[in-house]
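Visitor: First the structure, then my questions, so here it is.
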Amino acid sequence: MELISQHTKRIMEGCKERARDAGLRFQTETLEYIVTNRDLLELGPKNMIPTLYDYWVHDVEVMKEKGKYELYPQNPYETVINTRPAISFYNDNNPDWLNVMIFYHVLAHIDFFQNNLYYRHTWYEDFAGQALSDKRAIAMLRSEKGRWVDYVIEFARGIDNLVDYYGLLSETDGSEGTDASKKLDYYFDVFLQSVKKAGLTEYLKELDRYNETISQYGTIAESVFFSSVAAKYPEFEAFFVKHRNTKERQAPRDIIGFLEAHSPLLQKDENRWMITVMEIVRKTSLYFQPQIRTKIMNEGWASYWHDRLFLKDDRIKGNEVTYACVNAKVTSLPRVGLNPYALGMRLFAYIEETAAKGRFSYDFQRLTGRKERDDFDRKTDAGIGALFKVREDLNDFLFINTFIDQDFLDLHKIFVAGKRPNVQKGVWEYYIKSRKATDYREMLLDSLYHPPCVTISDEKSKDGVLYLDHRFEQKPLVQEFISNTLMGVEYLWGGQVKLETTELVPGSTTGEDSVGHGTGQGEDGSETRYGTRRVVYTMDKRKLAKTFL
Amino acid sequence: MKTEHHYVHTIGSIEDLIERDIQREKDGFPRKIRIGKLIRPVRSGKEKVVVVPTTVEEKLYHDSMTPPRDQAEGSGGSGGSGEGEEGDIIGEEPLHGTESGGRGGPGQGDEAEHEAKTTLYDLGRILTEKFHLPNLKEKGKKRSLKRFTYDLTDRHRGFGQVLDKKATLRRIIETNITLDRLDDPTAVDPASLLVSPRDCVYRILSKEQDYESQALVFFIRDYSGSMLGIPTEVVVAQHVMIYSWLLYQYERQVETRFILHDTVAREVPDFHTYYSLSIAGGTKIESAYRMVNEIVEAGNLARDYNIYVFHGTDGDDWDSTGEHTVPEIRKILAYCGRIGITIIDPASGGGTPTTLERYLGAVVQEQPDKLKVDVIGEDAQEARLMAGMKKLIS
């Protein structure tokens with residue numbers, strides 16, 4: 001692993017200038033390393049963070065990846081990790097012109113990491129450095145506690161997908177969240193409504209008064225407004241401080257956080273080291289949450305910009321054709337399958353065009369005539385602005401849910417592909433299942449990362465039992481994983497653990513509601529209906545039992 | 001600070017991993033290491049197989065909505081793009097792995113085969129160590145004679161003994177593509193191709209070890225219609241393990257024959273075809289056993305080999321009383337070391353015995369050492385397969 005040469009670095013700096021001029025924003029310092037294939041394989045399981053703590057499952061993954069590499073030798077062009085400064089890895093020495101393209105791609109990734117709001121809790125941290133100190137802490141504990149450290153890592157990782165990421169995000173209000181506007185939120189959202197129980201007229205009157213203050217005093221409006229509030233409700237300030245303190249003192253609402261704070265086992269002096277390990281696992285997981293939730297956007301954004309910037313760059317001269325090949329391999333829409341690079345890139349381009357034509361407007365949306373819609377073009381310059389706004393505010397779910405529409409599908413001839421067996425011919429058939437935007441959107445949304453919602457039920461956790469409640473969202477849990485996961489929780493809790501969840505049962509509707517698409521074709525072609533049923537799993541002394549509710 | 005010297009946290013090899021897994025069990029936690037295979041299907045040749053350890057990090061995940069066995073409609077589908085109407089079929093793929101062309105006739109390189117065997121041998125070694133499978137006691141006549149043969153199998157670029165024309169041509173084409181000299185791939189003028197000396201690939205002499213075979217194993221798989229899907233997977237998974245284990249036990253001195261049957265039996269040339277070939281019609285078990293007998297008699301093989309027969313089926317047979325099948329089985333029992341039959345029964349445990357189980361009962365009682373039958377459910381996990389395997393081979 002070594003830094004890129006001065007010559008290549010100069011190319012990178014040139015790219016930075018042009019990317020900045022085009023509107024991308026990122027921290028000036030970056031680090032670029034050349035890595036070998038072997039390095040890349042070993043970094044993979046650690047999410048490309050070289051300093052991440054050691055864990056045997058990572059080693060297993062490395063062995064597997066090496067095996068896979070024997071069969072399918074292929075290397076990524078680049079990998080970027082979200083740290084300060086941003087670090088990127090490159091596979092071997094590419095020709096200069098190709099580096100230009102790759103660097104644009106990388107810079108767009110960095111821009112995305114550093115501006116998308118879903119990453120805001122990672123903005124002020126050097127994660128590589130943080131991870132290194134965590135790794136050392138774990139290595140140290142391991143030298144004392146041996147393999148038990150790995151069991152704690154394993155059990156904590158068993159529930160690390162249930163971390164309270166959105167809770168953390170709402171606490172991290174980002175740069176715009178000043179103390180004053182929090183005060184404003186509290187005044188209008190909580191104080192007036194819940195504490196003072198103000199009526200609608202009074203509420204609206206206050207709102208009016210605030211708006212007037214803004215137009216009159218501009219930037220100092222808030223302080224002016226609150227001085228008048230203080231005159232009216234002298235107790236307001238004290239209420240606000242109290243509210244803020246209770247909110248900040250709240251323990252994390254996820255299971256690992258709960259165990260750290262309340263597990264009787266972990267409170268014992270000889271077990272307190274486990275909390276250190278669990279917290280490292282929890283923080284690491286939180287760090288990666290936004291990346292899983294912005295795959296399509298992040299890759300689309302990078303592909304959109306490398307294409308746009310490179311085509312305008314004079315350094316492409318003489319390599320246009322080769323670039324077209326390389327680019328097509330990365331960003332073409334496959335006949336069957338999903339390519340996040342291709343989809344995201346096209347969707348960004350589509351958003352820019354739609355915005356530039358002024359089509360995100362009621363005027364356009366109310367049009368029904370095909371020709372009128374095709375011809376609608378207000379020729380605004382809002383395209384690029386809309387693009388940056390989307391990159392800042394959205395994640396994959398919102399991106400897809402908001403912008404995938406029938407026009408987009410038709411434009412790129414996209415469809416939902418289905419797969420069915422044809423026993424007579426002894427083949428799987430791939431076929432065009434649907435060209436409807438609603439179906440395509442549903443298929444995409446279904447493929448997005450969405451961990452189950454499992455919370456701790458306070459009222460049902462009694463007599464030393466930890467009671468977990470899974471909120472059913474039309475998908476049951478993977479049954480064979482329940483046992484080991486609960487065993488881990490039992491270990492960390494030091495007592496019985498229960499998990500309430502919903503399962504599918506064949507036959508007619510046994511439970512409260514039947515699942516709409518839970519039908520399947522039996523071997524003989526007959527349809528089986530699936531109903532749902534609440535069940536409770538109990539993990540007691542490493543034995544799992546199941547009861548129906 | 002106290003350090004545990006025996007404690008490894010960076011795992012260097014599969015052995016370390018297995019040691020750790022055994023320690024897990026002693027600590028009261030279930031084992032987590034599985035041995036997986038990665039297979040790369042190749043359209044025109046044999047698949048390449050690599051053995052790797054795998055493990056699953058269990059978490060509470062959402063299950064996909066598809067109920068078991070339903071791979072038909074209803075599953076969400078994936079993305080796609082291009083021309084076509086809704087409902088149009090845009091592509092096909094064999095139901096079972098890659099069947100196409102994987103027959104491996106003469107002339108196909110033996111290297112791939114060799115490689116597959118190497119990794120399967122490793123799998124056998126791991127299985128034996130991990131699951132404490134019994135070592136074979138009786139190895140028959142000890143003829144572990146190692147022969148060296150010399151062959152022109154190694155490749156060398158630039159110079160050598162015999163020009164490998166196909167490999168050379170491929171390199172020349174590659175070079176010319178790189179140089180942008182091939183505009184139209186359908187009309188290549190060989191005279192215009194540039195040939196670099198480095199493009200010439202030659203065969204050179206190499207020394208190869210050759211072993212005498214000691215064991216002869218028949219693998220028989222029922223590929224009738226009723227075996228579609230999971231039962232086939234279970235049988236194939238277990239046969240991979242048995243095959244690997246025998247490779248290890250006999251230090252690769254195993255000769256294998258592969259037979260597939262529905263109402264008629266057919267022999268296929270290699271393991272890869274054996275496990276990837278897909279489904280046909282009804283079931284006549286006798287056909288397969290008769291073929292085994294024919295092969296053994298024709299080659300007078302019973303004299304020189306330890307013979308094993310492993311058979312995977314769902315126990316369904318048109319010959320409901322066994323009047324044709326049982327005589328064939330008795331004939332095999334007379335010369336073989338073991339017949340191991342795996343019956344995949346969807347209703348295992350509670351249901352009625354399958355046809356095969358019914359008429360085989362008497363034979364099993366006569367020769368319990370030689371004929372072993374194991375009935376497993378179709379949801380069998382690796383551990384269950386292992387247990388079944390122990391039963392079949394012990």
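Every chain in the structure tokens has a letter given in the order shown (A, B, ...), and although residue numbers restart at 1 in each chain, ligands are simply numbered from 1 in the order shown.
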Could you go through stretch 40-128 of chain A and tell me which residues DSSP, when run on the backbone, assigns to strand (DSSP E), listing them as number ranges by chain?

Guide: A: 78-81, 86-91

Visitor: Can you pull out the residues contacting stretch 57-66 of chain B? Cut-off 7 Å, using only C-alpha atoms, and skip same-chain residues under 6 positions away; I want them as a PyMOL selection string.

Guide: (chain A and resi 158-159+451-452+475-478+481-482+484-485+518) or (chain B and resi 75)

Visitor: Using the selection just defined, write its residues with N, CA and C atoms as a JSON list (two decimals), in the first residue's frame.

Guide:
```json
[["chain", "number", "residue", "atom", "x", "y", "z"],
["A", 158, "GLY", "N", -24.62, -9.53, 16.34],
["A", 158, "GLY", "CA", -25.90, -10.18, 16.07],
["A", 158, "GLY", "C", -27.07, -9.22, 16.11],
["A", 159, "ILE", "N", -26.90, -8.11, 16.85],
["A", 159, "ILE", "CA", -28.00, -7.14, 16.91],
["A", 159, "ILE", "C", -27.56, -5.77, 16.41],
["A", 451, "PRO", "N", -33.84, -3.02, 7.78],
["A", 451, "PRO", "CA", -33.78, -3.95, 8.91],
["A", 451, "PRO", "C", -35.11, -3.98, 9.64],
["A", 452, "PRO", "N", -35.41, -5.09, 10.29],
["A", 452, "PRO", "CA", -36.68, -5.16, 11.02],
["A", 452, "PRO", "C", -36.70, -4.17, 12.18],
["A", 475, "LYS", "N", -43.37, -8.73, 6.44],
["A", 475, "LYS", "CA", -42.30, -9.69, 6.19],
["A", 475, "LYS", "C", -41.91, -10.36, 7.50],
["A", 476, "PRO", "N", -41.92, -11.69, 7.54],
["A", 476, "PRO", "CA", -41.49, -12.36, 8.76],
["A", 476, "PRO", "C", -39.96, -12.32, 8.89],
["A", 477, "LEU", "N", -39.47, -12.74, 10.04],
["A", 477, "LEU", "CA", -38.02, -12.80, 10.24],
["A", 477, "LEU", "C", -37.48, -14.12, 9.68],
["A", 478, "VAL", "N", -36.21, -14.13, 9.36],
["A", 478, "VAL", "CA", -35.57, -15.38, 8.93],
["A", 478, "VAL", "C", -35.51, -16.30, 10.14],
["A", 481, "PHE", "N", -32.25, -17.94, 11.89],
["A", 481, "PHE", "CA", -31.28, -17.06, 12.53],
["A", 481, "PHE", "C", -31.71, -16.65, 13.94],
["A", 482, "ILE", "N", -32.97, -16.90, 14.26],
["A", 482, "ILE", "CA", -33.49, -16.39, 15.52],
["A", 482, "ILE", "C", -32.75, -17.00, 16.70],
["A", 484, "ASN", "N", -29.66, -18.35, 17.27],
["A", 484, "ASN", "CA", -28.34, -17.87, 17.64],
["A", 484, "ASN", "C", -28.33, -16.39, 18.04],
["A", 485, "THR", "N", -29.17, -15.61, 17.37],
["A", 485, "THR", "CA", -29.23, -14.20, 17.73],
["A", 485, "THR", "C", -29.71, -14.04, 19.17],
["A", 518, "GLY", "N", -48.85, -13.10, -0.07],
["A", 518, "GLY", "CA", -48.29, -14.33, 0.48],
["A", 518, "GLY", "C", -48.93, -15.57, -0.11],
["B", 75, "SER", "N", -42.52, -14.13, -6.92],
["B", 75, "SER", "CA", -41.28, -13.57, -6.43],
["B", 75, "SER", "C", -41.04, -12.25, -7.14]]
```

Visitor: Could you list, as an NGL selection string, every residue of chain A that has an atom within 7 Å of an atom of chain B, counting only C-alpha atoms?

Guide: :A and (56 or 59-60 or 63-64 or 67-68 or 71 or 143-144 or 146 or 158-159 or 333-338 or 413-421 or 426-435 or 443 or 451-452 or 475-478 or 481-482 or 484-485 or 518 or 520-522)

Visitor: Could you write out that same residue set with C-alpha atoms as a PDB file, in the first residue's frame?

Guide:
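Everything below was put into out22.pdb:
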```pdb
ATOM      1  CA  TRP A  56     -12.403 -13.987  12.886  1.00  0.00           C
ATOM      2  CA  ASP A  59     -10.777 -13.740   8.192  1.00  0.00           C
ATOM      3  CA  VAL A  60     -13.264 -16.320   6.981  1.00  0.00           C
ATOM      4  CA  MET A  63     -10.481 -16.817   2.670  1.00  0.00           C
ATOM      5  CA  LYS A  64     -13.747 -17.018   0.807  1.00  0.00           C
ATOM      6  CA  GLY A  67     -11.341 -18.577  -3.365  1.00  0.00           C
ATOM      7  CA  LYS A  68     -13.770 -16.513  -5.342  1.00  0.00           C
ATOM      8  CA  LEU A  71     -12.668 -18.282 -10.136  1.00  0.00           C
ATOM      9  CA  SER A 143      -4.784 -10.372  25.393  1.00  0.00           C
ATOM     10  CA  GLU A 144      -6.523 -10.471  28.777  1.00  0.00           C
ATOM     11  CA  GLY A 146      -8.935 -14.311  25.084  1.00  0.00           C
ATOM     12  CA  GLY A 158     -25.897 -10.179  16.070  1.00  0.00           C
ATOM     13  CA  ILE A 159     -28.003  -7.140  16.907  1.00  0.00           C
ATOM     14  CA  LEU A 333     -28.533  -0.966 -18.210  1.00  0.00           C
ATOM     15  CA  PRO A 334     -28.455  -4.756 -18.208  1.00  0.00           C
ATOM     16  CA  ARG A 335     -31.102  -6.709 -20.099  1.00  0.00           C
ATOM     17  CA  VAL A 336     -31.947  -8.496 -16.861  1.00  0.00           C
ATOM     18  CA  GLY A 337     -30.701  -7.342 -13.493  1.00  0.00           C
ATOM     19  CA  LEU A 338     -30.194  -4.180 -11.548  1.00  0.00           C
ATOM     20  CA  LYS A 413     -37.316   1.144 -21.777  1.00  0.00           C
ATOM     21  CA  ILE A 414     -37.012  -0.255 -18.269  1.00  0.00           C
ATOM     22  CA  PHE A 415     -39.160  -3.100 -16.990  1.00  0.00           C
ATOM     23  CA  VAL A 416     -39.581  -5.586 -14.194  1.00  0.00           C
ATOM     24  CA  ALA A 417     -38.150  -8.924 -15.248  1.00  0.00           C
ATOM     25  CA  GLY A 418     -39.638 -12.126 -13.870  1.00  0.00           C
ATOM     26  CA  LYS A 419     -38.258 -15.641 -13.678  1.00  0.00           C
ATOM     27  CA  ARG A 420     -40.342 -18.814 -13.824  1.00  0.00           C
ATOM     28  CA  PRO A 421     -39.593 -22.493 -14.349  1.00  0.00           C
ATOM     29  CA  GLY A 426     -36.306 -27.904 -18.334  1.00  0.00           C
ATOM     30  CA  VAL A 427     -35.401 -24.252 -18.235  1.00  0.00           C
ATOM     31  CA  TRP A 428     -35.913 -21.080 -16.284  1.00  0.00           C
ATOM     32  CA  GLU A 429     -37.656 -18.508 -18.398  1.00  0.00           C
ATOM     33  CA  TYR A 430     -36.961 -14.831 -18.010  1.00  0.00           C
ATOM     34  CA  TYR A 431     -39.818 -12.674 -19.147  1.00  0.00           C
ATOM     35  CA  ILE A 432     -41.017  -9.106 -19.083  1.00  0.00           C
ATOM     36  CA  LYS A 433     -43.266  -9.015 -16.087  1.00  0.00           C
ATOM     37  CA  SER A 434     -44.368  -5.433 -16.063  1.00  0.00           C
ATOM     38  CA  ARG A 435     -43.599  -2.066 -17.579  1.00  0.00           C
ATOM     39  CA  MET A 443     -39.631  -4.021  -6.888  1.00  0.00           C
ATOM     40  CA  PRO A 451     -33.778  -3.950   8.913  1.00  0.00           C
ATOM     41  CA  PRO A 452     -36.678  -5.157  11.017  1.00  0.00           C
ATOM     42  CA  LYS A 475     -42.301  -9.695   6.186  1.00  0.00           C
ATOM     43  CA  PRO A 476     -41.489 -12.364   8.762  1.00  0.00           C
ATOM     44  CA  LEU A 477     -38.019 -12.803  10.235  1.00  0.00           C
ATOM     45  CA  VAL A 478     -35.572 -15.380   8.927  1.00  0.00           C
ATOM     46  CA  PHE A 481     -31.277 -17.064  12.530  1.00  0.00           C
ATOM     47  CA  ILE A 482     -33.493 -16.394  15.523  1.00  0.00           C
ATOM     48  CA  ASN A 484     -28.337 -17.867  17.642  1.00  0.00           C
ATOM     49  CA  THR A 485     -29.227 -14.204  17.727  1.00  0.00           C
ATOM     50  CA  GLY A 518     -48.294 -14.335   0.478  1.00  0.00           C
ATOM     51  CA  GLY A 520     -47.668 -19.444  -3.659  1.00  0.00           C
ATOM     52  CA  GLN A 521     -48.069 -22.112  -6.237  1.00  0.00           C
ATOM     53  CA  GLY A 522     -47.857 -25.609  -4.863  1.00  0.00           C
TER      54      GLY A 522
END
```

Visitor: For B:Arg155, find every residue with an atom within 7 Å (counting only C-alpha atoms), except residues of its own chain fewer than 4 positions away, and show them as a list in words.

Guide: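 Listing them by chain and then by number gives Val201, Tyr202, Arg203 and Ile204 of chain B.
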
Visitor: Skip stretch 315-326 of chain B itself and residues of its chain fewer than 6 positions away, then list as a list in words all residues within 9 Å of it, counting only C-alpha atoms.

Guide: Ser226, Thr263, Gly282, Thr283, Lys284, Ile285, Glu286, Ser287, Tyr289, Arg290, Thr342, Ile343, Ile344, Asp345, Pro353, Thr354, Thr355, Leu356, Glu357, Arg358, Tyr359, Leu360 and Val363 of chain B

Visitor: What lies within 10 Å of stretch 459-462 of chain A using only C-alpha atoms, ignoring chain neighbours under 6 positions off, as a short mmCIF file (atom, residue, chain, number, x, y, z; two decimals) with C-alpha atoms, in the first residue's frame?

Guide:
```cif
data_model
loop_
_atom_site.label_atom_id
_atom_site.label_comp_id
_atom_site.auth_asym_id
_atom_site.auth_seq_id
_atom_site.Cartn_x
_atom_site.Cartn_y
_atom_site.Cartn_z
CA LEU A 468 -38.32 -7.87 22.50
CA ASP A 469 -41.15 -6.87 20.25
CA VAL A 497 -35.01 -13.31 26.60
CA LYS A 498 -38.28 -13.37 24.69
#
```

Visitor: Name the closest residue to A:Tyr33 among the candidates A:Tyr77, A:Phe225, A:Trp273, A:Tyr90; distances are taken between atoms, counting only C-alpha atoms.

Guide: A:Tyr90

Visitor: Atom CA of A:Met487 and atom CA of A:Met539 are how many Å apart?

Guide: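 Atom-to-atom, atom CA of A:Met487 to atom CA of A:Met539, that is 6.5 Å.
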
Visitor: Between B:Gly158, B:Val217, B:Glu233, B:Arg338, which is the closest to B:Leu247 once you count only C-alpha atoms?

Guide: B:Val217

Visitor: Just the helix (DSSP H, G or I) stuff from stretch 47-257 of chain A, please, per backbone DSSP, written as a ChimeraX atom specification.

Guide: /A:56-71,96-115,117-122,127-145,148-158,160-162,165-171,179-195,200-232,236-249,255-257

Visitor: Name all residues at most 12 Å from A:Leu311 (count only C-alpha atoms; drop same-chain ones fewer than 3 positions away) and give them as a list in words.

Guide: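 The residues satisfying every condition are Trp97, Val100, Met101, Tyr104, Tyr304, Trp305, His306, Asp307, Arg308, Asp314, Arg315, Ile316, Lys317, Gly318, Asn319, Glu320, Val321, Tyr323, Ala324 and Asn327 of chain A.
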
Visitor: Report, in Å with one decimal, the straight-line distance from atom CA of A:Lys9 to atom CA of A:Thr122.

Guide: 25.8 Å

Visitor: Could you check which of A:Tyr350, A:Tyr69, A:Tyr537, A:Phe188 is closest to A:Glu500, using only C-alpha atoms?

Guide: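 Closest residue, counting only C-alpha atoms: A:Tyr537.
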